[in-house]
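Shown next: my_file10.txt, given as compact mmCIF, C-alpha atoms.
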# COMPACT_ATOMS: atom_id res chain seq x y z
CA MET W 1 -47.62 15.69 34.06
CA MET W 2 -50.80 15.32 36.10
CA HIS W 3 -51.86 11.70 36.42
CA LYS W 4 -55.47 11.02 35.54
CA LYS W 5 -57.68 8.94 37.78
CA VAL W 6 -59.84 6.23 36.20
CA TYR W 7 -63.06 8.24 36.65
CA GLU W 8 -61.46 11.34 35.08
CA ALA W 9 -60.38 9.34 32.04
CA LEU W 10 -63.89 7.90 31.71
CA ASN W 11 -65.51 11.33 32.07
CA TRP W 12 -63.27 12.73 29.34
CA ALA W 13 -64.07 9.79 27.04
CA SER W 14 -67.79 10.03 27.67
CA SER W 15 -68.04 13.73 26.74
CA PHE W 16 -65.63 13.35 23.79
CA LEU W 17 -67.67 10.43 22.41
CA LYS W 18 -70.98 12.24 22.95
CA GLU W 19 -69.66 15.35 21.21
CA HIS W 20 -68.86 13.20 18.14
CA GLY W 21 -72.18 11.35 18.12
CA ARG W 22 -70.83 8.03 19.41
CA ASP W 23 -72.07 5.81 22.24
CA GLU W 24 -70.79 7.27 25.52
CA ASN W 25 -70.34 3.81 27.07
CA ALA W 26 -67.61 2.89 24.57
CA GLY W 27 -65.04 4.40 26.93
CA GLU W 28 -65.77 1.81 29.62
CA LEU W 29 -65.34 -1.08 27.19
CA LEU W 30 -62.08 0.28 25.83
CA LEU W 31 -60.60 0.95 29.26
CA MET W 32 -61.61 -2.50 30.51
CA TRP W 33 -59.77 -3.96 27.51
CA ILE W 34 -56.63 -1.85 28.03
CA LEU W 35 -56.44 -2.65 31.76
CA ASP W 36 -57.71 -6.24 31.35
CA TRP W 37 -60.35 -5.64 34.01
CA ASN W 38 -63.98 -6.62 34.25
CA ARG W 39 -66.67 -4.00 34.90
CA ALA W 40 -66.91 -4.70 38.63
CA ARG W 41 -63.21 -4.02 39.07
CA LEU W 42 -63.41 -0.89 36.91
CA LEU W 43 -66.19 0.51 39.09
CA SER W 44 -64.37 -0.34 42.31
CA GLU W 45 -61.12 1.31 41.16
CA LEU W 46 -62.53 4.61 39.89
CA ARG W 47 -60.18 6.65 42.08
CA MET W 48 -57.05 4.76 41.06
CA GLU W 49 -54.45 6.71 39.10
CA LEU W 50 -53.95 5.49 35.55
CA PRO W 51 -50.37 4.86 34.45
CA GLU W 52 -49.46 7.34 31.72
CA ARG W 53 -48.87 4.65 29.06
CA GLU W 54 -52.33 3.16 29.57
CA TYR W 55 -53.93 6.61 29.54
CA GLU W 56 -52.30 7.47 26.21
CA GLN W 57 -53.34 4.11 24.78
CA PHE W 58 -56.88 4.74 26.02
CA LYS W 59 -57.05 8.20 24.42
CA ASP W 60 -55.82 6.78 21.10
CA ALA W 61 -58.42 3.99 21.19
CA VAL W 62 -61.27 6.42 21.95
CA LYS W 63 -60.16 8.72 19.11
CA GLU W 64 -59.94 5.73 16.76
CA HIS W 65 -63.52 4.76 17.64
CA VAL W 66 -64.64 8.33 16.94
CA THR W 67 -63.31 8.00 13.37
CA GLY W 68 -65.88 5.20 12.92
CA ARG W 69 -63.89 2.04 13.63
CA PRO W 70 -66.03 -0.42 15.63
CA ILE W 71 -64.93 -1.07 19.22
CA GLN W 72 -64.88 -4.79 18.46
CA HIS W 73 -62.30 -4.24 15.70
CA ILE W 74 -60.12 -2.15 18.00
CA ILE W 75 -60.14 -4.75 20.79
CA GLY W 76 -60.31 -7.70 18.38
CA TYR W 77 -63.25 -9.62 19.81
CA GLU W 78 -66.93 -9.59 20.74
CA GLU W 79 -68.59 -11.55 23.52
CA PHE W 80 -71.32 -13.92 22.40
CA TYR W 81 -73.21 -16.30 24.67
CA GLY W 82 -70.58 -15.74 27.38
CA ARG W 83 -67.60 -16.53 25.14
CA LYS W 84 -65.11 -14.33 23.31
CA PHE W 85 -65.15 -14.51 19.51
CA ILE W 86 -62.36 -13.02 17.39
CA VAL W 87 -63.76 -10.56 14.84
CA ASN W 88 -62.34 -8.39 12.06
CA GLU W 89 -63.57 -6.58 8.94
CA HIS W 90 -64.21 -9.91 7.15
CA VAL W 91 -67.03 -11.05 9.44
CA LEU W 92 -70.23 -9.63 10.85
CA ILE W 93 -69.83 -8.67 14.52
CA PRO W 94 -72.12 -11.06 16.47
CA ARG W 95 -75.18 -9.28 17.89
CA PRO W 96 -77.14 -10.00 21.08
CA GLU W 97 -80.25 -10.73 18.96
CA THR W 98 -78.48 -13.77 17.54
CA GLU W 99 -78.07 -15.15 21.07
CA GLU W 100 -81.87 -15.24 21.15
CA LEU W 101 -81.83 -17.48 18.06
CA ILE W 102 -79.65 -19.96 19.98
CA VAL W 103 -81.94 -19.81 23.04
CA ALA W 104 -85.05 -20.43 20.93
CA VAL W 105 -83.45 -23.41 19.17
CA LEU W 106 -82.06 -25.01 22.34
CA GLU W 107 -85.47 -24.71 24.04
CA ARG W 108 -87.20 -26.53 21.19
CA LEU W 109 -84.48 -29.02 20.31
CA ASP W 110 -85.08 -31.40 23.21
CA MET W 111 -88.85 -31.28 22.78
CA HIS W 112 -88.70 -31.95 19.05
CA PHE W 113 -86.15 -34.77 18.81
CA ALA W 114 -85.72 -37.99 20.79
CA SER W 115 -82.92 -37.44 23.29
CA SER W 116 -80.88 -40.43 22.10
CA SER W 117 -80.64 -39.35 18.47
CA ILE W 118 -77.39 -38.03 16.97
CA LEU W 119 -78.41 -34.90 15.08
CA LYS W 120 -76.73 -33.26 12.09
CA CYS W 121 -76.70 -29.48 12.34
CA ALA W 122 -75.56 -26.91 9.75
CA ASP W 123 -74.99 -23.17 10.19
CA ILE W 124 -75.34 -21.44 6.81
CA GLY W 125 -73.31 -18.25 6.32
CA THR W 126 -71.36 -18.76 9.52
CA GLY W 127 -69.25 -15.56 9.52
CA SER W 128 -67.32 -15.51 12.81
CA GLY W 129 -68.63 -19.01 13.60
CA ALA W 130 -70.66 -17.71 16.55
CA ILE W 131 -73.77 -19.83 15.90
CA ALA W 132 -71.96 -23.06 14.92
CA VAL W 133 -69.44 -22.92 17.77
CA THR W 134 -72.07 -22.04 20.37
CA MET W 135 -74.39 -24.84 19.26
CA LYS W 136 -71.53 -27.38 19.42
CA LEU W 137 -70.40 -26.23 22.86
CA GLU W 138 -73.93 -26.07 24.28
CA ARG W 139 -74.88 -29.46 22.76
CA PRO W 140 -71.64 -31.45 22.27
CA GLU W 141 -73.56 -34.45 20.91
CA LEU W 142 -74.53 -32.50 17.75
CA GLU W 143 -72.55 -33.08 14.56
CA VAL W 144 -72.04 -29.48 13.45
CA SER W 145 -71.04 -28.19 10.00
CA ALA W 146 -70.83 -24.59 8.84
CA SER W 147 -70.54 -22.84 5.48
CA ASP W 148 -69.57 -19.41 4.21
CA ILE W 149 -68.98 -17.94 0.76
CA SER W 150 -66.02 -15.95 2.10
CA GLU W 151 -62.71 -17.72 2.59
CA ALA W 152 -61.52 -14.88 4.86
CA ALA W 153 -64.59 -15.34 7.08
CA LEU W 154 -64.05 -19.10 7.31
CA LYS W 155 -60.48 -18.52 8.53
CA ILE W 156 -61.83 -16.44 11.42
CA ALA W 157 -64.53 -19.04 12.16
CA GLN W 158 -61.90 -21.80 12.24
CA LYS W 159 -59.75 -19.76 14.62
CA ASN W 160 -62.73 -19.29 16.92
CA ALA W 161 -63.64 -22.97 16.83
CA GLU W 162 -60.06 -23.95 17.70
CA ALA W 163 -59.70 -21.34 20.44
CA LEU W 164 -62.98 -22.41 22.06
CA GLY W 165 -62.51 -26.16 21.54
CA ALA W 166 -65.41 -26.83 19.18
CA GLU W 167 -65.10 -29.52 16.53
CA ILE W 168 -66.81 -28.23 13.38
CA ASP W 169 -66.72 -29.24 9.74
CA PHE W 170 -66.22 -25.97 7.82
CA ARG W 171 -67.05 -25.77 4.12
CA LEU W 172 -66.51 -23.01 1.58
CA GLY W 173 -69.44 -22.22 -0.70
CA ASP W 174 -72.64 -20.32 -1.36
CA LEU W 175 -75.50 -21.00 1.07
CA LEU W 176 -76.48 -24.69 0.84
CA GLU W 177 -74.24 -25.63 -2.11
CA PRO W 178 -71.51 -27.26 0.03
CA PHE W 179 -74.13 -29.58 1.55
CA SER W 180 -75.74 -31.08 -1.53
CA ASN W 181 -76.55 -34.81 -1.39
CA GLU W 182 -76.81 -34.66 2.40
CA LYS W 183 -79.82 -34.58 4.72
CA TRP W 184 -79.95 -32.45 7.85
CA ASP W 185 -81.92 -32.48 11.09
CA LEU W 186 -81.19 -28.91 12.06
CA ILE W 187 -80.34 -25.89 9.91
CA LEU W 188 -79.71 -22.43 11.35
CA SER W 189 -78.86 -19.22 9.55
CA ASN W 190 -78.47 -15.51 10.17
CA PRO W 191 -78.41 -14.52 6.49
CA PRO W 192 -77.95 -10.99 5.11
CA TYR W 193 -81.39 -9.36 5.49
CA ILE W 194 -80.97 -5.61 5.26
CA PRO W 195 -82.74 -4.02 2.25
CA LYS W 196 -80.18 -2.57 -0.16
CA GLU W 197 -81.41 1.02 0.12
CA GLU W 198 -81.52 1.10 3.92
CA LYS W 199 -79.20 3.66 5.47
CA LEU W 200 -76.84 2.21 8.07
CA SER W 201 -74.54 3.99 10.49
CA GLU W 202 -71.08 4.48 8.98
CA ILE W 203 -69.62 2.27 11.75
CA VAL W 204 -71.54 -0.64 10.23
CA SER W 205 -71.58 0.30 6.54
CA GLU W 206 -67.88 1.16 6.27
CA HIS W 207 -66.40 -1.56 8.46
CA GLU W 208 -68.55 -4.70 8.18
CA PRO W 209 -68.73 -6.92 5.07
CA HIS W 210 -71.58 -5.91 2.75
CA ASN W 211 -72.10 -9.49 1.59
CA ALA W 212 -73.08 -10.30 5.21
CA LEU W 213 -75.47 -7.35 5.54
CA PHE W 214 -77.58 -6.79 2.43
CA GLY W 215 -80.27 -9.13 1.14
CA GLY W 216 -81.42 -7.50 -2.09
CA SER W 217 -83.90 -4.67 -2.65
CA ASP W 218 -86.33 -5.85 0.08
CA GLY W 219 -83.83 -7.80 2.20
CA LEU W 220 -85.58 -11.13 1.49
CA ASP W 221 -83.49 -12.60 -1.36
CA TYR W 222 -81.75 -15.22 0.79
CA TYR W 223 -84.99 -16.42 2.40
CA ARG W 224 -86.44 -16.93 -1.11
CA ARG W 225 -83.48 -19.12 -1.99
CA PHE W 226 -83.81 -21.04 1.27
CA ALA W 227 -87.55 -21.61 0.72
CA ASN W 228 -86.75 -22.99 -2.71
CA ASP W 229 -83.84 -25.24 -1.69
CA LEU W 230 -84.33 -26.36 1.91
CA PRO W 231 -87.04 -28.99 1.30
CA HIS W 232 -84.42 -31.04 -0.61
CA TYR W 233 -81.92 -30.91 2.27
CA MET W 234 -84.00 -31.75 5.36
CA ASN W 235 -84.74 -35.03 7.05
CA GLU W 236 -88.42 -35.81 7.55
CA LYS W 237 -88.25 -34.65 11.17
CA ALA W 238 -86.32 -31.40 11.18
CA LEU W 239 -85.94 -27.99 12.76
CA ILE W 240 -84.97 -24.84 10.84
CA ALA W 241 -84.40 -21.41 12.37
CA PHE W 242 -83.54 -18.04 10.83
CA GLU W 243 -82.75 -14.66 12.23
CA ILE W 244 -84.75 -12.01 10.37
CA GLY W 245 -84.98 -8.23 10.29
CA ALA W 246 -87.71 -6.36 12.17
CA GLY W 247 -90.89 -6.37 10.10
CA GLN W 248 -89.91 -9.38 7.97
CA GLY W 249 -91.65 -12.06 10.05
CA GLU W 250 -94.87 -12.45 8.07
CA ALA W 251 -93.13 -12.47 4.68
CA VAL W 252 -90.51 -15.06 5.69
CA ALA W 253 -93.06 -17.21 7.58
CA SER W 254 -95.37 -17.35 4.56
CA MET W 255 -92.48 -18.46 2.30
CA MET W 256 -91.62 -21.23 4.75
CA LYS W 257 -95.24 -22.34 5.12
CA LYS W 258 -95.35 -22.86 1.35
CA ALA W 259 -92.04 -24.72 1.42
CA PHE W 260 -93.08 -26.89 4.40
CA PRO W 261 -96.90 -27.06 4.25
CA HIS W 262 -97.08 -29.80 6.91
CA GLY W 263 -94.63 -28.11 9.26
CA LYS W 264 -95.26 -25.77 12.17
CA THR W 265 -93.90 -22.26 11.49
CA GLU W 266 -93.65 -19.63 14.22
CA ILE W 267 -92.42 -16.04 14.45
CA ILE W 268 -90.52 -15.30 17.66
CA LEU W 269 -90.08 -11.76 18.98
CA ASP W 270 -86.85 -10.47 20.52
CA ILE W 271 -86.57 -8.76 23.91
CA ASN W 272 -87.57 -5.46 22.26
CA GLY W 273 -90.78 -6.99 20.94
CA LYS W 274 -89.61 -6.98 17.31
CA ASP W 275 -89.97 -10.04 15.08
CA ARG W 276 -86.51 -11.59 15.07
CA ILE W 277 -86.71 -15.34 14.46
CA VAL W 278 -88.69 -17.59 12.15
CA LEU W 279 -88.61 -21.20 13.29
CA ILE W 280 -89.99 -24.18 11.40
CA ARG W 281 -90.54 -27.69 12.81
CA THR W 282 -91.41 -30.56 10.49
Represent the structure contained in this file as structure tokens.
Amino acid sequence: MMHKKVYEALNWASSFLKEHGRDENAGELLLMWILDWNRARLLSELRMELPEREYEQFKDAVKEHVTGRPIQHIIGYEEFYGRKFIVNEHVLIPRPETEELIVAVLERLDMHFASSSILKCADIGTGSGAIAVTMKLERPELEVSASDISEAALKIAQKNAEALGAEIDFRLGDLLEPFSNEKWDLILSNPPYIPKEEKLSEIVSEHEPHNALFGGSDGLDYYRRFANDLPHYMNEKALIAFEIGAGQGEAVASMMKKAFPHGKTEIILDINGKDRIVLIRT
């Protein structure tokens, strides 16, 4: 049996993936996972011979991805804000755009609130726990809670919080329901915002939870509920931030302006210049 070198294995994967309409770079990620290497090491060891067992494992993983299974489900995690989060079919795979939500909030947090104050923060629809855990680890002085309607999702979020050492109060329930009779300084959410009729790639539509993706016929159902309910949950001085879908900025901002007429509402674009965050300061 001819041993394959690292670069030969990657070349095979790249053309096999391309042929089947998948991202050619998936091979690198899968091989890094199998060998437990980072990218720098992978690139410096391109001429190394791959042990046969690892090569077979690599081929199987690439073929599995071609059937539509997300890479993150094969390897069991996704990186978010420099940390590894466990993911499976019960939670939305964290996206880089959501890191921009965290950045926007952290930038404005210190300007908006007095530095000495203990702030109560809630992440609504937490999924893998990426937002709640990251906020707690980046700002340990926050008191962070998180909710989800899915018990299976909360189990994953709890695992992530434990693995990363973040103390979070998890609650099961629909949107804001688990937080009634409480007032909050900071509420963040990446709610389902994809319009029901929108066509998604099968990797997303067949492997990620629909209750975390779709937000009604126009994708805005959850923001309508938030606009209706949030005024009863916020302290007088508060900060609210949502991730939104491209093209939804004006609609969501106008709902929030009605809900918080004295607040300052802004639409923040992502690195691709698409509207991605609506942020409200009261």
Calculate how many Å separate atom CA of W:Gly215 from atom CA of W:Pro192, rounding to one decimal.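 Between atom CA of W:Gly215 and atom CA of W:Pro192 the gap works out to 5.0 Å.
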Identify the residues within 12 Å of coordinate (-93.2, -16.6, 3.1) (same frame as the file), considering only C-alpha atoms, and give the answer as a PDB file with C-alpha atoms, in the coordinates of the input.
ATOM      1  CA  LEU W 220     -85.580 -11.130   1.490  1.00  0.00           C
ATOM      2  CA  ASP W 221     -83.490 -12.600  -1.360  1.00  0.00           C
ATOM      3  CA  TYR W 222     -81.750 -15.220   0.790  1.00  0.00           C
ATOM      4  CA  TYR W 223     -84.990 -16.420   2.400  1.00  0.00           C
ATOM      5  CA  ARG W 224     -86.440 -16.930  -1.110  1.00  0.00           C
ATOM      6  CA  ARG W 225     -83.480 -19.120  -1.990  1.00  0.00           C
ATOM      7  CA  PHE W 226     -83.810 -21.040   1.270  1.00  0.00           C
ATOM      8  CA  ALA W 227     -87.550 -21.610   0.720  1.00  0.00           C
ATOM      9  CA  ASN W 228     -86.750 -22.990  -2.710  1.00  0.00           C
ATOM     10  CA  GLN W 248     -89.910  -9.380   7.970  1.00  0.00           C
ATOM     11  CA  GLY W 249     -91.650 -12.060  10.050  1.00  0.00           C
ATOM     12  CA  GLU W 250     -94.870 -12.450   8.070  1.00  0.00           C
ATOM     13  CA  ALA W 251     -93.130 -12.470   4.680  1.00  0.00           C
ATOM     14  CA  VAL W 252     -90.510 -15.060   5.690  1.00  0.00           C
ATOM     15  CA  ALA W 253     -93.060 -17.210   7.580  1.00  0.00           C
ATOM     16  CA  SER W 254     -95.370 -17.350   4.560  1.00  0.00           C
ATOM     17  CA  MET W 255     -92.480 -18.460   2.300  1.00  0.00           C
ATOM     18  CA  MET W 256     -91.620 -21.230   4.750  1.00  0.00           C
ATOM     19  CA  LYS W 257     -95.240 -22.340   5.120  1.00  0.00           C
ATOM     20  CA  LYS W 258     -95.350 -22.860   1.350  1.00  0.00           C
ATOM     21  CA  ALA W 259     -92.040 -24.720   1.420  1.00  0.00           C
ATOM     22  CA  PHE W 260     -93.080 -26.890   4.400  1.00  0.00           C
ATOM     23  CA  PRO W 261     -96.900 -27.060   4.250  1.00  0.00           C
ATOM     24  CA  THR W 265     -93.900 -22.260  11.490  1.00  0.00           C
ATOM     25  CA  GLU W 266     -93.650 -19.630  14.220  1.00  0.00           C
ATOM     26  CA  ILE W 267     -92.420 -16.040  14.450  1.00  0.00           C
ATOM     27  CA  VAL W 278     -88.690 -17.590  12.150  1.00  0.00           C
ATOM     28  CA  ILE W 280     -89.990 -24.180  11.400  1.00  0.00           C
TER      29      ILE W 280
END
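Note that the spacing between atom CA of W:Ile71 and atom CA of W:Glu45 amounts to 22.4 Å.
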Atomic distance atom CA of W:Phe179 - atom CA of W:His262, expressed in Å with one decimal: 23.6 Å
Any chance you could tabulate, as a tab-separated table, the residues of stretch 204-274 of chain W at most 10 Å from stretch 92-106 of chain W with each one's nearest atom pair and distance in Å to one decimal, using all atoms listed in the file, in chain and rising number order?
residue	atom	partner	partner_atom	distance
W:Val204	CA	W:Leu92	CA	9.1
W:His207	CA	W:Leu92	CA	9.2
W:Glu208	CA	W:Leu92	CA	5.9
W:Pro209	CA	W:Leu92	CA	6.6
W:His210	CA	W:Leu92	CA	9.0
W:Asn211	CA	W:Leu92	CA	9.4
W:Ala212	CA	W:Leu92	CA	6.4
W:Leu213	CA	W:Leu92	CA	7.8
W:Leu239	CA	W:Val105	CA	8.3
W:Ile240	CA	W:Val105	CA	8.6
W:Ala241	CA	W:Val105	CA	7.2
W:Phe242	CA	W:Leu101	CA	7.5
W:Glu243	CA	W:Leu101	CA	6.5
W:Ile244	CA	W:Thr98	CA	9.7
W:Ile268	CA	W:Ala104	CA	8.2
W:Leu269	CA	W:Glu100	CA	9.2
W:Asp270	CA	W:Glu97	CA	6.8
W:Ile271	CA	W:Glu97	CA	8.3
W:Asn272	CA	W:Glu97	CA	9.6
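Contact shell of W:His73 at 10 Å (only C-alpha atoms; same-chain neighbours under 4 positions omitted): W:His65, W:Arg69, W:Tyr77, W:Glu78, W:Ile86, W:Val87, W:Asn88, W:Glu89, W:Ile93, W:His207, W:Glu208.
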Let me have the centre and edge lengths in Å, one decimal, of the box along x, y and z around every listed atom of stretch 47-57 of chain W with 6 Å of margin on each side, as AutoDock Vina command-line options.
--center_x -54.5 --center_y 5.3 --center_z 33.4 --size_x 23.3 --size_y 16.3 --size_z 29.3
Excluding stretch 180-189 of chain W and residues on its chain fewer than 3 positions from it, collect all residues at most 7 Å away from it, counting all atoms listed in the file, and give them as an mmCIF file with C-alpha atoms, keeping the file's coordinate frame.
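And here is the file that came out, out_32.cif:
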data_model
loop_
_atom_site.group_PDB
_atom_site.id
_atom_site.type_symbol
_atom_site.label_atom_id
_atom_site.label_comp_id
_atom_site.auth_asym_id
_atom_site.auth_seq_id
_atom_site.Cartn_x
_atom_site.Cartn_y
_atom_site.Cartn_z
ATOM 1 C CA LEU W 119 -78.410 -34.900 15.080
ATOM 2 C CA LYS W 120 -76.730 -33.260 12.090
ATOM 3 C CA CYS W 121 -76.700 -29.480 12.340
ATOM 4 C CA ALA W 122 -75.560 -26.910 9.750
ATOM 5 C CA ASP W 123 -74.990 -23.170 10.190
ATOM 6 C CA ILE W 124 -75.340 -21.440 6.810
ATOM 7 C CA GLY W 125 -73.310 -18.250 6.320
ATOM 8 C CA LEU W 176 -76.480 -24.690 0.840
ATOM 9 C CA GLU W 177 -74.240 -25.630 -2.110
ATOM 10 C CA TYR W 233 -81.920 -30.910 2.270
ATOM 11 C CA MET W 234 -84.000 -31.750 5.360
ATOM 12 C CA ASN W 235 -84.740 -35.030 7.050
ATOM 13 C CA LYS W 237 -88.250 -34.650 11.170
ATOM 14 C CA ALA W 238 -86.320 -31.400 11.180
ATOM 15 C CA LEU W 239 -85.940 -27.990 12.760
ATOM 16 C CA ILE W 240 -84.970 -24.840 10.840
ATOM 17 C CA ALA W 241 -84.400 -21.410 12.370
ATOM 18 C CA PHE W 242 -83.540 -18.040 10.830
ATOM 19 C CA GLU W 243 -82.750 -14.660 12.230
#
Pick from W:Ile168, W:Ala130, W:Leu50, W:Ala26: nearest to W:Lys63, with only C-alpha atoms counted? W:Ala26
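Here the question is which of W:Ala157, W:Ala61, W:Ile194, W:Val144 gets nearest to W:Glu28 using only C-alpha atoms, and that residue is W:Ala61.
If you measure from each of W:Lys5, W:His20, W:His232, W:Arg83 to W:Arg47 using only C-alpha atoms, the closest one turns out to be W:Lys5.
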Residues within 8 Å of W:Leu154, please, as a VMD selection string. Count all atoms listed in the file; anything in the same chain fewer than 2 positions from it doesn't count. chain W and resid 126 to 129 147 to 148 150 to 152 156 to 158 170 to 172
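Of the residues under consideration (W:Trp12, W:Glu64, W:Glu197, W:Val133), W:Glu197 shows the shortest atom-to-atom contact distance to W:Gly219 when counting all atoms listed in the file.
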Selection as a PyMOL selection string: residues within 8 Å of (-59.5, -18.6, 21.3), counting only C-alpha atoms: chain W and resi 84-86+159-164
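Distances to W:Leu29 were evaluated for W:Asp110, W:Glu49, W:Glu8, W:Glu79 using all atoms listed in the file, and the minimum falls at W:Glu79.
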Minimum-distance residue to W:Glu52, chosen among W:His90, W:Lys4, W:Ala9, W:His112 (using only C-alpha atoms):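 Looking at the shortest contact to W:Glu52, the residue is W:Lys4.
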Neighbouring residues of W:Ser14 were defined as those with any atom within 9 Å, considering all atoms listed in the file; residues of the same chain fewer than 4 positions away were excluded. Please report them as a list in words. Ala9, Leu10, Lys18, Glu19, Asp23, Glu24, Asn25, Ala26, Gly27 and Glu28 of chain W
Which polymer residues have any atom within 9 Å of an atom of W:Gly21, counting all atoms listed in the file, with same-chain residues fewer than 4 positions away left out, as a ChimeraX atom specification? /W:16-17,66
Could you write stretch 80-94 of chain W of the block just shown to a file containing N, CA and C atoms, as a CSV table (one decimal), in the first residue's frame?
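And here's decode_25.csv as it stands now:
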chain,number,residue,atom,x,y,z
W,80,PHE,N,-15.6,29.6,18.7
W,80,PHE,CA,-16.4,30.9,18.8
W,80,PHE,C,-15.6,31.8,19.7
W,81,TYR,N,-15.3,33.0,19.3
W,81,TYR,CA,-14.5,33.9,20.1
W,81,TYR,C,-13.3,33.3,20.7
W,82,GLY,N,-12.6,32.4,19.9
W,82,GLY,CA,-11.4,31.8,20.4
W,82,GLY,C,-11.6,30.7,21.4
W,83,ARG,N,-12.8,30.2,21.5
W,83,ARG,CA,-13.0,29.1,22.4
W,83,ARG,C,-13.8,28.0,21.7
W,84,LYS,N,-13.6,26.7,22.1
W,84,LYS,CA,-14.3,25.6,21.5
W,84,LYS,C,-15.6,25.3,22.2
W,85,PHE,N,-16.7,25.3,21.4
W,85,PHE,CA,-18.0,25.0,21.9
W,85,PHE,C,-18.5,23.7,21.3
W,86,ILE,N,-19.0,22.8,22.2
W,86,ILE,CA,-19.6,21.6,21.7
W,86,ILE,C,-20.9,21.9,21.0
W,87,VAL,N,-21.1,21.2,19.8
W,87,VAL,CA,-22.3,21.4,19.1
W,87,VAL,C,-22.8,20.0,18.6
W,88,ASN,N,-24.1,19.9,18.4
W,88,ASN,CA,-24.7,18.8,17.8
W,88,ASN,C,-26.0,19.2,17.1
W,89,GLU,N,-26.8,18.2,16.7
W,89,GLU,CA,-28.0,18.6,15.9
W,89,GLU,C,-29.1,19.3,16.7
W,90,HIS,N,-28.9,19.5,18.0
W,90,HIS,CA,-29.9,20.1,18.8
W,90,HIS,C,-29.7,21.7,18.9
W,91,VAL,N,-28.5,22.1,18.4
W,91,VAL,CA,-28.2,23.6,18.6
W,91,VAL,C,-27.8,24.1,17.3
W,92,LEU,N,-28.0,25.4,17.1
W,92,LEU,CA,-27.4,26.1,16.0
W,92,LEU,C,-25.9,26.2,16.1
W,93,ILE,N,-25.2,25.9,15.0
W,93,ILE,CA,-23.8,26.1,15.0
W,93,ILE,C,-23.4,27.5,15.1
W,94,PRO,N,-22.6,28.0,16.1
W,94,PRO,CA,-22.3,29.4,16.2
W,94,PRO,C,-21.6,29.9,14.9
